[in-house]
file start-v1.cif (mmCIF, C-alpha atoms and all ligand atoms)
data_entry
loop_
_atom_site.label_atom_id
_atom_site.label_comp_id
_atom_site.auth_asym_id
_atom_site.auth_seq_id
_atom_site.Cartn_x
_atom_site.Cartn_y
_atom_site.Cartn_z
CA MET B 1 20.84 -15.74 4.24
CA THR B 2 19.55 -16.86 0.85
CA LEU B 3 22.37 -17.04 -1.69
CA PRO B 4 21.98 -14.73 -4.70
CA ARG B 5 21.67 -17.69 -7.07
CA ASN B 6 18.73 -19.06 -5.08
CA PHE B 7 16.84 -15.85 -4.46
CA TYR B 8 14.44 -16.28 -7.41
CA ARG B 9 13.97 -20.03 -7.08
CA PRO B 10 10.45 -21.19 -6.19
CA LEU B 11 10.35 -22.30 -2.53
CA ALA B 12 8.39 -25.47 -3.33
CA ILE B 13 8.51 -27.88 -6.27
CA GLY B 14 5.72 -26.91 -8.65
CA ALA B 15 5.24 -23.37 -7.30
CA PRO B 16 5.37 -20.54 -9.88
CA GLU B 17 8.63 -18.62 -10.35
CA PRO B 18 8.77 -15.43 -8.27
CA PHE B 19 8.39 -12.16 -10.19
CA ARG B 20 11.65 -10.36 -10.96
CA GLU B 21 9.78 -7.08 -11.48
CA LEU B 22 6.51 -6.21 -9.77
CA PRO B 23 3.52 -6.25 -12.13
CA VAL B 24 2.68 -2.66 -13.17
CA ARG B 25 -0.57 -1.80 -11.32
CA LEU B 26 -2.30 1.37 -10.26
CA GLU B 27 -2.87 1.18 -6.50
CA ARG B 28 -3.87 4.64 -5.32
CA MET B 29 -6.10 3.24 -2.62
CA ILE B 30 -6.45 -0.12 -0.93
CA HIS B 31 -10.14 -0.14 -0.10
CA PHE B 32 -11.03 -2.18 2.98
CA MET B 33 -14.30 -4.11 3.31
CA PRO B 34 -15.51 -6.62 5.92
CA PRO B 35 -16.43 -9.72 3.88
CA HIS B 36 -18.78 -11.27 6.48
CA VAL B 37 -21.33 -8.47 5.98
CA GLU B 38 -23.66 -9.64 3.21
CA LYS B 39 -25.09 -6.17 2.56
CA LEU B 40 -21.58 -4.82 1.87
CA ARG B 41 -20.63 -7.84 -0.22
CA ALA B 42 -23.55 -7.04 -2.49
CA LYS B 43 -21.92 -3.69 -3.30
CA VAL B 44 -18.60 -5.23 -4.34
CA PRO B 45 -19.30 -5.54 -8.11
CA ASP B 46 -19.87 -1.75 -8.31
CA LEU B 47 -17.09 -0.95 -5.88
CA ALA B 48 -14.64 -3.07 -7.89
CA ARG B 49 -15.15 -0.75 -10.88
CA ASP B 50 -14.44 2.34 -8.79
CA VAL B 51 -11.39 1.40 -6.72
CA ASP B 52 -7.86 0.34 -7.68
CA VAL B 53 -7.57 -2.39 -5.03
CA LEU B 54 -10.32 -4.11 -3.08
CA LEU B 55 -9.22 -5.78 0.14
CA GLY B 56 -11.22 -8.25 2.19
CA ASN B 57 -10.27 -7.67 5.81
CA LEU B 58 -10.08 -10.67 8.11
CA GLU B 59 -8.02 -9.09 10.90
CA ASP B 60 -8.65 -6.21 13.32
CA GLY B 61 -12.17 -4.86 13.10
CA ILE B 62 -13.65 -8.33 12.48
CA PRO B 63 -15.11 -9.80 15.70
CA ALA B 64 -13.65 -13.15 16.83
CA GLU B 65 -17.00 -14.87 16.30
CA SER B 66 -17.14 -13.66 12.67
CA LYS B 67 -13.61 -14.66 11.59
CA ALA B 68 -14.75 -17.86 9.85
CA ALA B 69 -17.70 -16.08 8.20
CA ALA B 70 -15.37 -13.33 6.93
CA ARG B 71 -13.08 -15.94 5.37
CA GLN B 72 -16.05 -17.63 3.68
CA GLY B 73 -17.47 -14.29 2.57
CA PHE B 74 -14.13 -13.41 0.96
CA ILE B 75 -14.05 -16.73 -0.90
CA GLU B 76 -17.59 -16.22 -2.16
CA MET B 77 -16.82 -12.68 -3.31
CA ALA B 78 -13.57 -13.71 -5.06
CA ARG B 79 -15.45 -16.48 -6.90
CA SER B 80 -18.42 -14.43 -8.00
CA VAL B 81 -17.06 -10.98 -8.91
CA LYS B 82 -15.03 -10.09 -12.01
CA PHE B 83 -12.24 -7.81 -10.79
CA GLY B 84 -10.57 -7.07 -14.14
CA SER B 85 -7.67 -4.65 -13.63
CA THR B 86 -8.73 -4.02 -10.00
CA GLY B 87 -6.48 -5.78 -7.52
CA LEU B 88 -7.97 -8.34 -5.13
CA TRP B 89 -6.20 -8.48 -1.79
CA CYS B 90 -6.87 -10.14 1.54
CA ARG B 91 -5.63 -9.01 4.97
CA ILE B 92 -5.18 -12.24 6.94
CA ASN B 93 -4.82 -12.38 10.71
CA SER B 94 -1.39 -12.00 12.27
CA LEU B 95 0.85 -15.06 12.36
CA GLY B 96 0.59 -15.54 16.12
CA SER B 97 -3.23 -15.52 16.11
CA PRO B 98 -5.44 -18.63 16.15
CA TRP B 99 -6.73 -17.82 12.62
CA ALA B 100 -3.75 -17.07 10.38
CA LEU B 101 -3.01 -20.63 9.24
CA ASP B 102 -6.62 -21.39 8.27
CA ASP B 103 -6.87 -17.99 6.57
CA ALA B 104 -3.94 -18.75 4.28
CA VAL B 105 -4.74 -22.44 3.70
CA GLU B 106 -8.45 -21.97 2.99
CA ILE B 107 -8.21 -18.82 0.93
CA VAL B 108 -5.34 -19.89 -1.30
CA GLY B 109 -6.93 -23.33 -1.64
CA ALA B 110 -10.25 -21.88 -2.75
CA VAL B 111 -9.39 -18.70 -4.68
CA GLY B 112 -5.59 -18.53 -4.93
CA GLU B 113 -5.76 -17.94 -8.67
CA GLN B 114 -7.87 -14.78 -8.22
CA LEU B 115 -5.81 -13.40 -5.33
CA ASP B 116 -3.11 -10.81 -6.09
CA VAL B 117 -1.75 -9.94 -2.66
CA ILE B 118 -1.93 -11.14 0.94
CA MET B 119 -1.54 -8.33 3.44
CA LEU B 120 0.28 -9.54 6.54
CA PRO B 121 -0.25 -7.49 9.71
CA LYS B 122 2.15 -6.97 12.63
CA VAL B 123 5.30 -8.04 10.76
CA ASP B 124 8.14 -7.95 13.29
CA ASN B 125 11.06 -9.24 11.25
CA ALA B 126 12.15 -11.05 8.11
CA ASN B 127 11.34 -14.45 9.65
CA ASP B 128 7.63 -13.61 9.47
CA ILE B 129 7.98 -13.03 5.73
CA HIS B 130 10.09 -16.19 5.25
CA TYR B 131 7.44 -18.28 7.00
CA LEU B 132 4.56 -17.00 4.86
CA ASP B 133 6.72 -17.10 1.73
CA ARG B 134 7.35 -20.84 2.10
CA LEU B 135 3.78 -21.61 3.12
CA LEU B 136 2.43 -19.76 0.06
CA ALA B 137 4.83 -21.62 -2.22
CA GLN B 138 3.60 -24.96 -0.83
CA LEU B 139 -0.02 -23.92 -1.28
CA GLU B 140 0.58 -22.56 -4.78
CA ALA B 141 2.21 -25.87 -5.75
CA LYS B 142 -0.57 -27.94 -4.21
CA HIS B 143 -3.33 -25.96 -5.89
CA LYS B 144 -1.46 -25.40 -9.18
CA ILE B 145 -1.63 -21.62 -8.95
CA SER B 146 -0.12 -20.07 -12.09
CA LYS B 147 1.27 -16.79 -10.72
CA PRO B 148 2.87 -15.94 -7.38
CA ILE B 149 0.68 -14.39 -4.68
CA LEU B 150 2.53 -11.34 -3.36
CA ILE B 151 2.99 -10.31 0.29
CA HIS B 152 2.33 -6.79 1.56
CA GLY B 153 3.54 -6.22 5.12
CA ILE B 154 2.07 -3.78 7.62
CA LEU B 155 4.74 -1.86 9.50
CA GLU B 156 3.03 -1.41 12.84
CA THR B 157 5.29 -2.64 15.61
CA ALA B 158 8.39 -1.05 17.10
CA GLU B 159 10.28 -4.26 16.30
CA GLY B 160 9.11 -4.03 12.69
CA VAL B 161 10.40 -0.47 12.42
CA ILE B 162 13.89 -1.41 13.58
CA ASN B 163 13.90 -4.34 11.11
CA VAL B 164 12.28 -2.50 8.22
CA GLU B 165 15.16 -2.95 5.75
CA ALA B 166 15.40 -6.70 6.40
CA ILE B 167 11.63 -7.05 5.96
CA ALA B 168 11.62 -5.13 2.67
CA SER B 169 14.40 -7.31 1.23
CA ALA B 170 13.23 -10.63 2.69
CA SER B 171 11.76 -12.13 -0.48
CA PRO B 172 10.97 -11.44 -4.14
CA ARG B 173 7.38 -12.06 -3.07
CA MET B 174 7.34 -8.69 -1.29
CA HIS B 175 4.92 -6.28 -2.95
CA GLY B 176 5.30 -3.37 -0.53
CA MET B 177 4.52 -2.09 2.94
CA SER B 178 1.94 0.09 4.66
CA LEU B 179 2.49 2.14 7.78
CA GLY B 180 -0.07 1.12 10.42
CA PRO B 181 -0.27 4.11 12.77
CA ALA B 182 -2.86 2.64 15.16
CA ASP B 183 -0.98 -0.51 16.09
CA LEU B 184 2.35 1.29 15.91
CA ALA B 185 1.10 3.80 18.47
CA ALA B 186 0.03 0.95 20.76
CA SER B 187 3.29 -0.96 20.27
CA ARG B 188 5.34 2.10 21.19
CA ALA B 189 3.09 3.13 24.11
CA MET B 190 2.37 6.45 22.43
CA LYS B 191 -0.11 8.42 24.52
CA THR B 192 -2.76 8.76 21.82
CA THR B 193 -6.10 7.19 20.95
CA ARG B 194 -6.17 8.05 17.23
CA VAL B 195 -5.81 6.20 13.92
CA GLY B 196 -3.30 8.22 11.89
CA GLY B 197 -3.20 12.00 11.62
CA GLY B 198 -1.59 14.52 13.96
CA HIS B 199 -2.05 15.39 17.62
CA PRO B 200 -2.53 18.95 18.88
CA GLU B 201 -0.11 18.40 21.77
CA TYR B 202 2.76 17.12 19.60
CA LYS B 203 4.18 20.50 18.75
CA VAL B 204 6.99 22.99 19.09
CA LEU B 205 6.61 26.51 20.42
CA ALA B 206 8.09 29.63 18.86
CA ASP B 207 10.82 31.24 21.01
CA PRO B 208 9.66 33.30 24.00
CA GLY B 209 9.34 36.95 23.08
CA SER B 210 7.04 39.82 23.71
CA GLY B 211 3.70 38.46 22.45
CA ALA B 212 1.83 35.17 22.41
CA ARG B 213 3.99 32.25 21.30
CA ALA B 214 2.91 30.46 18.11
CA ALA B 215 2.65 26.68 18.34
CA TYR B 216 3.44 24.43 15.39
CA GLN B 217 1.99 20.95 15.26
CA GLN B 218 4.54 18.31 14.20
CA ASP B 219 4.10 15.11 12.18
CA LEU B 220 4.05 12.06 14.47
CA TRP B 221 4.68 9.64 11.59
CA HIS B 222 7.44 11.29 9.64
CA TYR B 223 10.34 9.30 11.08
CA SER B 224 8.84 5.84 10.60
CA LEU B 225 7.24 6.65 7.25
CA ALA B 226 10.50 8.03 5.84
CA ARG B 227 12.40 4.93 6.97
CA MET B 228 9.77 2.73 5.38
CA VAL B 229 9.81 4.69 2.09
CA ASP B 230 13.61 4.35 1.85
CA ALA B 231 13.48 0.62 2.63
CA CYS B 232 10.80 0.10 -0.03
CA ALA B 233 12.40 2.30 -2.69
CA ALA B 234 15.80 0.67 -2.19
CA ASN B 235 14.21 -2.73 -2.77
CA ALA B 236 11.93 -1.65 -5.65
CA ILE B 237 8.76 -2.41 -3.70
CA LYS B 238 5.87 -0.04 -2.95
CA PRO B 239 5.29 2.13 0.14
CA PHE B 240 1.76 3.11 1.33
CA PHE B 241 0.28 5.12 4.16
CA GLY B 242 -2.26 3.06 6.11
CA PRO B 243 -5.52 4.20 7.70
CA PHE B 244 -6.86 7.63 8.61
CA GLY B 245 -9.57 6.96 11.15
CA ASP B 246 -11.43 10.27 11.49
CA PHE B 247 -13.98 10.00 8.66
CA SER B 248 -15.41 13.41 9.54
CA ASP B 249 -12.07 15.12 8.80
CA ALA B 250 -11.69 14.98 5.01
CA GLU B 251 -9.17 17.83 5.06
CA GLY B 252 -6.95 16.13 7.66
CA CYS B 253 -7.10 12.89 5.66
CA GLU B 254 -6.12 14.67 2.46
CA VAL B 255 -3.12 16.33 4.11
CA GLN B 256 -1.97 13.05 5.67
CA PHE B 257 -2.26 11.28 2.30
CA ARG B 258 -0.53 14.15 0.46
CA ASN B 259 2.43 14.17 2.85
CA ALA B 260 2.82 10.45 2.18
CA PHE B 261 2.54 10.98 -1.60
CA LEU B 262 5.13 13.76 -1.61
CA LEU B 263 7.48 11.59 0.41
CA GLY B 264 7.26 8.73 -2.11
CA CYS B 265 4.21 6.63 -1.20
CA VAL B 266 2.06 5.40 -4.09
CA GLY B 267 -1.22 5.00 -2.21
CA ALA B 268 -3.06 4.78 1.12
CA TRP B 269 -5.92 2.83 2.66
CA SER B 270 -9.53 3.86 2.30
CA LEU B 271 -11.67 2.65 5.18
CA HIS B 272 -14.74 4.68 4.21
CA PRO B 273 -16.20 5.33 0.73
CA SER B 274 -15.54 9.08 1.14
CA GLN B 275 -11.79 8.37 1.29
CA ILE B 276 -11.75 6.76 -2.17
CA GLU B 277 -12.10 10.14 -3.91
CA ILE B 278 -9.55 11.71 -1.56
CA ALA B 279 -7.02 9.04 -2.48
CA LYS B 280 -7.74 9.48 -6.20
CA LYS B 281 -7.24 13.20 -5.90
CA VAL B 282 -4.01 12.93 -3.94
CA PHE B 283 -2.31 9.94 -5.58
CA SER B 284 -3.01 11.00 -9.16
CA PRO B 285 -0.41 13.55 -10.25
CA ASP B 286 -1.52 17.16 -10.61
CA PRO B 287 -2.34 17.91 -14.30
CA ARG B 288 -0.23 21.12 -14.14
CA GLU B 289 2.78 19.14 -12.88
CA VAL B 290 2.21 16.52 -15.59
CA ALA B 291 2.09 19.19 -18.31
CA PHE B 292 5.35 20.66 -17.02
CA ALA B 293 6.96 17.21 -16.77
CA LYS B 294 5.98 16.54 -20.41
CA LYS B 295 7.74 19.76 -21.42
CA ILE B 296 10.93 18.55 -19.70
CA LEU B 297 10.80 15.16 -21.46
CA ASP B 298 10.17 16.84 -24.82
CA ALA B 299 13.02 19.32 -24.32
CA MET B 300 15.54 16.60 -23.34
CA PRO B 301 14.75 13.60 -25.59
CA ASP B 302 17.67 11.46 -24.38
CA GLY B 303 17.44 12.59 -20.75
CA THR B 304 20.84 14.27 -20.58
CA GLY B 305 22.19 17.82 -20.57
CA ALA B 306 20.66 21.00 -19.16
CA VAL B 307 17.89 23.27 -20.43
CA LEU B 308 15.95 26.23 -19.11
CA ILE B 309 12.14 25.90 -19.10
CA ASP B 310 9.99 28.80 -17.84
CA GLY B 311 13.09 30.19 -16.12
CA ARG B 312 13.78 26.94 -14.22
CA MET B 313 16.91 24.83 -14.68
CA GLN B 314 16.36 21.24 -15.80
CA ASP B 315 18.95 18.48 -15.98
CA ASP B 316 19.21 14.68 -15.88
CA ALA B 317 17.84 14.57 -12.29
CA THR B 318 14.73 16.64 -13.03
CA TRP B 319 14.27 14.56 -16.22
CA ARG B 320 14.11 11.44 -14.00
CA GLN B 321 11.53 13.12 -11.73
CA ALA B 322 9.54 14.14 -14.81
CA LYS B 323 9.64 10.55 -16.08
CA VAL B 324 8.21 9.26 -12.75
CA MET B 325 5.43 11.84 -13.05
CA VAL B 326 4.51 11.13 -16.70
CA ASP B 327 4.70 7.33 -16.26
CA ARG B 328 2.39 7.57 -13.26
CA ALA B 329 -0.02 9.84 -15.13
CA SER B 330 -0.17 7.30 -18.01
CA LEU B 331 -1.04 4.57 -15.52
CA VAL B 332 -3.79 6.72 -14.01
CA ALA B 333 -5.10 7.67 -17.48
CA ALA B 334 -5.45 4.01 -18.46
CA LYS B 335 -7.91 3.43 -15.58
CA ASP B 336 -9.50 6.81 -15.01
CA ALA B 337 -11.17 8.47 -18.03
CA THR B 338 -11.78 11.78 -16.22
CA ARG B 339 -8.11 12.20 -15.47
CA ALA B 340 -7.00 10.94 -18.90
CA SER B 341 -8.68 14.01 -20.43
CA LEU B 342 -7.11 16.34 -17.85
CA TYR B 343 -3.67 14.97 -18.70
CA GLN B 344 -4.47 15.26 -22.42
CA PHE B 345 -3.26 11.73 -23.13
C1 LIG O 1 -3.50 -0.63 10.83
O1 LIG O 1 -3.65 -1.81 10.83
C2 LIG O 1 -3.08 0.11 11.96
O2 LIG O 1 -2.88 -0.53 13.01
O3 LIG O 1 -2.95 1.35 11.86
MG MG O 2 -3.13 -2.67 12.70
#
call {"tool": "encode", "arguments": {"input": "start-v1.cif", "output": "structure tokens", "more": "lines below"}}
Ligand code: GLV
Ligand code: MG
result
Amino acid sequence: MTLPRNFYRPLAIGAPEPFRELPVRLERMIHFMPPHVEKLRAKVPDLARDVDVLLGNLEDGIPAESKAAARQGFIEMARSVKFGSTGLWCRINSLGSPWALDDAVEIVGAVGEQLDVIMLPKVDNANDIHYLDRLLAQLEAKHKISKPILIHGILETAEGVINVEAIASASPRMHGMSLGPADLAASRAMKTTRVGGGHPEYKVLADPGSGARAAYQQDLWHYSLARMVDACAANAIKPFFGPFGDFSDAEGCEVQFRNAFLLGCVGAWSLHPSQIEIAKKVFSPDPREVAFAKKILDAMPDGTGAVLIDGRMQDDATWRQAKVMVDRASLVAAKDATRASLYQF
């Protein structure tokens, strides 16, 4: 266990100091793109203006023979595009794969200064984070990187789920976590072939009675997602839902994202351009809720006491909820002019 006094010490001489607070960033969607595809790389300058986070994917979905090209494509894109307030992330291959070491060494060596976050798949336990933490510190020192590169873990193995608290608190380099429903399903031997979303056979039936029995579909991900949200919130890092694979089901995607948002997640992955708008819609607070939250803050300037607004009781706890809502709306307004006018900021 790292002693409290050492927790914020750089893990290599010359590496930047870890952040004590996460940088304030809007991350409603982490938009995935395959960097080895030249045609898609050409769209990145426009895409970077539209999304909150652009992620170059080197892991699943990239064929083995294209792994090196994807790494090079990412480097080229990071060097040539101005990302401004848009986050630049890279999903490297998992630590046990033949590619992870070269991914980290080559990418940090070439474009470490531009890179905000490394997404690490298939995190099983805190040791995985400790390994990458130290390696990144060595690379940051070697290449004189000025700010720490953060780690975002994917929670997608049964072992990861049972160790989720230890993973979330493993290092000040932790940015957050995403639930990876596809790999998690495989790891648990769930009998599904889907990427996120529900399943019509995972349901409960209404009690037997006279007529036809109603069936209610249940949420396959609630248990793991709720555990992950608590682990992230308790450690002041950010929880995300991962992928929703059925691009033809915009409604299903929206509901999956909204459940995650209501539960505490701050964003989700977009794997298809159509999911960017869905994520913006879901992870930007509702203007009516923001207007009501503003009323609460105005009515309770120091955040204490109790007042009645539109017949509803407000106190210190609802003030804190209102503050989360208004702070988030301000962050959205700073990036998104359409929503800034809806929020009347
Ligand atoms: C994402 O990587 C997943 O496995 O769902
Ligand atoms: Mg996965």
call {"tool": "atom_distance", "arguments": {"input": "start-v1.cif", "atom1": "CA of Tyr202 in chain B", "atom2": "CA of Tyr216 in chain B"}}
result
8.5 Å
call {"tool": "atom_distance", "arguments": {"input": "start-v1.cif", "atom1": "CA of Leu139 in chain B", "atom2": "CA of Glu59 in chain B"}}
result
20.8 Å
call {"tool": "closest_residue", "arguments": {"input": "start-v1.cif", "among": "B:Val282, B:Ile276, B:Ala231, B:Ala64", "to": "Ile162 in chain B", "atoms": "all atoms listed in the file"}}
result
B:Ala231
call {"tool": "residues_near_ligand", "arguments": {"input": "start-v1.cif", "ligand": "ligand MG 2 (chain O)", "cutoff": "12 Å", "atoms": "all atoms listed in the file", "output": "PyMOL selection string"}}
result
chain B and resi 57-62+91-94+119-123+153-157+178-187+195-196+242-245+269
call {"tool": "residues_around", "arguments": {"input": "start-v1.cif", "residues": "Met177 in chain B", "least_positions_apart": "4", "cutoff": "8 Å", "atoms": "all atoms listed in the file", "output": "JSON, numbers by chain"}}
result
{"B": [152, 153, 154, 155, 168, 228, 232, 237, 238, 239, 240]}
call {"tool": "write_last_selection", "arguments": {"input": "start-v1.cif", "atoms": "C-alpha atoms", "output": "mmCIF file, in the coordinates of the input"}}
result
data_model
loop_
_atom_site.group_PDB
_atom_site.id
_atom_site.type_symbol
_atom_site.label_atom_id
_atom_site.label_comp_id
_atom_site.auth_asym_id
_atom_site.auth_seq_id
_atom_site.Cartn_x
_atom_site.Cartn_y
_atom_site.Cartn_z
ATOM 1 C CA HIS B 152 2.330 -6.790 1.560
ATOM 2 C CA GLY B 153 3.540 -6.220 5.120
ATOM 3 C CA ILE B 154 2.070 -3.780 7.620
ATOM 4 C CA LEU B 155 4.740 -1.860 9.500
ATOM 5 C CA ALA B 168 11.620 -5.130 2.670
ATOM 6 C CA MET B 228 9.770 2.730 5.380
ATOM 7 C CA CYS B 232 10.800 0.100 -0.030
ATOM 8 C CA ILE B 237 8.760 -2.410 -3.700
ATOM 9 C CA LYS B 238 5.870 -0.040 -2.950
ATOM 10 C CA PRO B 239 5.290 2.130 0.140
ATOM 11 C CA PHE B 240 1.760 3.110 1.330
#
call {"tool": "residues_around", "arguments": {"input": "start-v1.cif", "residues": "Asn127 in chain B", "least_positions_apart": "4", "cutoff": "10 Å", "atoms": "all atoms listed in the file", "output": "list in words"}}
result
Val123, Tyr131, Leu132, Asp133, Ala166, Ile167 and Ala170 of chain B
call {"tool": "axis_aligned_box", "arguments": {"input": "start-v1.cif", "around": "ligand LIG 1 (chain O)", "padding_each_side": "4 Å", "output": "JSON"}}
result
{"center_x": -3.3, "center_y": -0.2, "center_z": 11.9, "size_x": 8.8, "size_y": 11.2, "size_z": 10.2}
call {"tool": "residues_around", "arguments": {"input": "start-v1.cif", "residues": "Val117 in chain B", "least_positions_apart": "4", "cutoff": "10 Å", "atoms": "all atoms listed in the file", "output": "MDAnalysis selection string"}}
result
chainID B and resid 53 55 87:91 112 148:152 173:176
call {"tool": "closest_residue", "arguments": {"input": "start-v1.cif", "among": "B:Thr193, B:Ser330, B:Asn6, B:Thr318", "to": "ligand LIG 1 (chain O)", "atoms": "only C-alpha atoms and all ligand atoms"}}
result
B:Thr193
call {"tool": "closest_residue", "arguments": {"input": "start-v1.cif", "among": "B:Arg194, B:Leu205, B:Ala291, B:Glu254", "to": "ligand LIG 1 (chain O)", "atoms": "all atoms listed in the file"}}
result
B:Arg194
call {"tool": "closest_residue", "arguments": {"input": "start-v1.cif", "among": "B:Gln72, B:Leu95, B:Asp46, B:Thr86", "to": "Ile107 in chain B", "atoms": "only C-alpha atoms"}}
result
B:Gln72
call {"tool": "residues_around", "arguments": {"input": "start-v1.cif", "residues": "Ile296 in chain B", "least_positions_apart": "3", "cutoff": "9 Å", "atoms": "all atoms listed in the file", "output": "count of residues only"}}
result
15
call {"tool": "atom_distance", "arguments": {"input": "start-v1.cif", "atom1": "CA of Gly56 in chain B", "atom2": "CA of Met33 in chain B"}}
result
5.3 Å
call {"tool": "closest_residue", "arguments": {"input": "start-v1.cif", "among": "B:Phe345, B:Phe83, B:Phe241, B:Phe7", "to": "Ala260 in chain B", "atoms": "all atoms listed in the file"}}
result
B:Phe241
call {"tool": "closest_residue", "arguments": {"input": "start-v1.cif", "among": "B:Ser85, B:Ser270, B:Gln114, B:Asn259", "to": "ligand LIG 1 (chain O)", "atoms": "all atoms listed in the file"}}
result
B:Ser270
call {"tool": "residues_around", "arguments": {"input": "start-v1.cif", "residues": "Lys280 in chain B", "least_positions_apart": "4", "cutoff": "12 Å", "atoms": "all atoms listed in the file", "output": "PyMOL selection string"}}
result
chain B and resi 26-31+50-53+254+257-258+261+266-270+273-276+284-286+329+332-333+335-336+338-339
call {"tool": "write_last_selection", "arguments": {"input": "start-v1.cif", "atoms": "C-alpha atoms", "output": "JSON list (two decimals), keeping the file's coordinate frame"}}
result
[["chain", "number", "residue", "atom", "x", "y", "z"],
["B", 26, "LEU", "CA", -2.30, 1.37, -10.26],
["B", 27, "GLU", "CA", -2.87, 1.18, -6.50],
["B", 28, "ARG", "CA", -3.87, 4.64, -5.32],
["B", 29, "MET", "CA", -6.10, 3.24, -2.62],
["B", 30, "ILE", "CA", -6.45, -0.12, -0.93],
["B", 31, "HIS", "CA", -10.14, -0.14, -0.10],
["B", 50, "ASP", "CA", -14.44, 2.34, -8.79],
["B", 51, "VAL", "CA", -11.39, 1.40, -6.72],
["B", 52, "ASP", "CA", -7.86, 0.34, -7.68],
["B", 53, "VAL", "CA", -7.57, -2.39, -5.03],
["B", 254, "GLU", "CA", -6.12, 14.67, 2.46],
["B", 257, "PHE", "CA", -2.26, 11.28, 2.30],
["B", 258, "ARG", "CA", -0.53, 14.15, 0.46],
["B", 261, "PHE", "CA", 2.54, 10.98, -1.60],
["B", 266, "VAL", "CA", 2.06, 5.40, -4.09],
["B", 267, "GLY", "CA", -1.22, 5.00, -2.21],
["B", 268, "ALA", "CA", -3.06, 4.78, 1.12],
["B", 269, "TRP", "CA", -5.92, 2.83, 2.66],
["B", 270, "SER", "CA", -9.53, 3.86, 2.30],
["B", 273, "PRO", "CA", -16.20, 5.33, 0.73],
["B", 274, "SER", "CA", -15.54, 9.08, 1.14],
["B", 275, "GLN", "CA", -11.79, 8.37, 1.29],
["B", 276, "ILE", "CA", -11.75, 6.76, -2.17],
["B", 284, "SER", "CA", -3.01, 11.00, -9.16],
["B", 285, "PRO", "CA", -0.41, 13.55, -10.25],
["B", 286, "ASP", "CA", -1.52, 17.16, -10.61],
["B", 329, "ALA", "CA", -0.02, 9.84, -15.13],
["B", 332, "VAL", "CA", -3.79, 6.72, -14.01],
["B", 333, "ALA", "CA", -5.10, 7.67, -17.48],
["B", 335, "LYS", "CA", -7.91, 3.43, -15.58],
["B", 336, "ASP", "CA", -9.50, 6.81, -15.01],
["B", 338, "THR", "CA", -11.78, 11.78, -16.22],
["B", 339, "ARG", "CA", -8.11, 12.20, -15.47]]
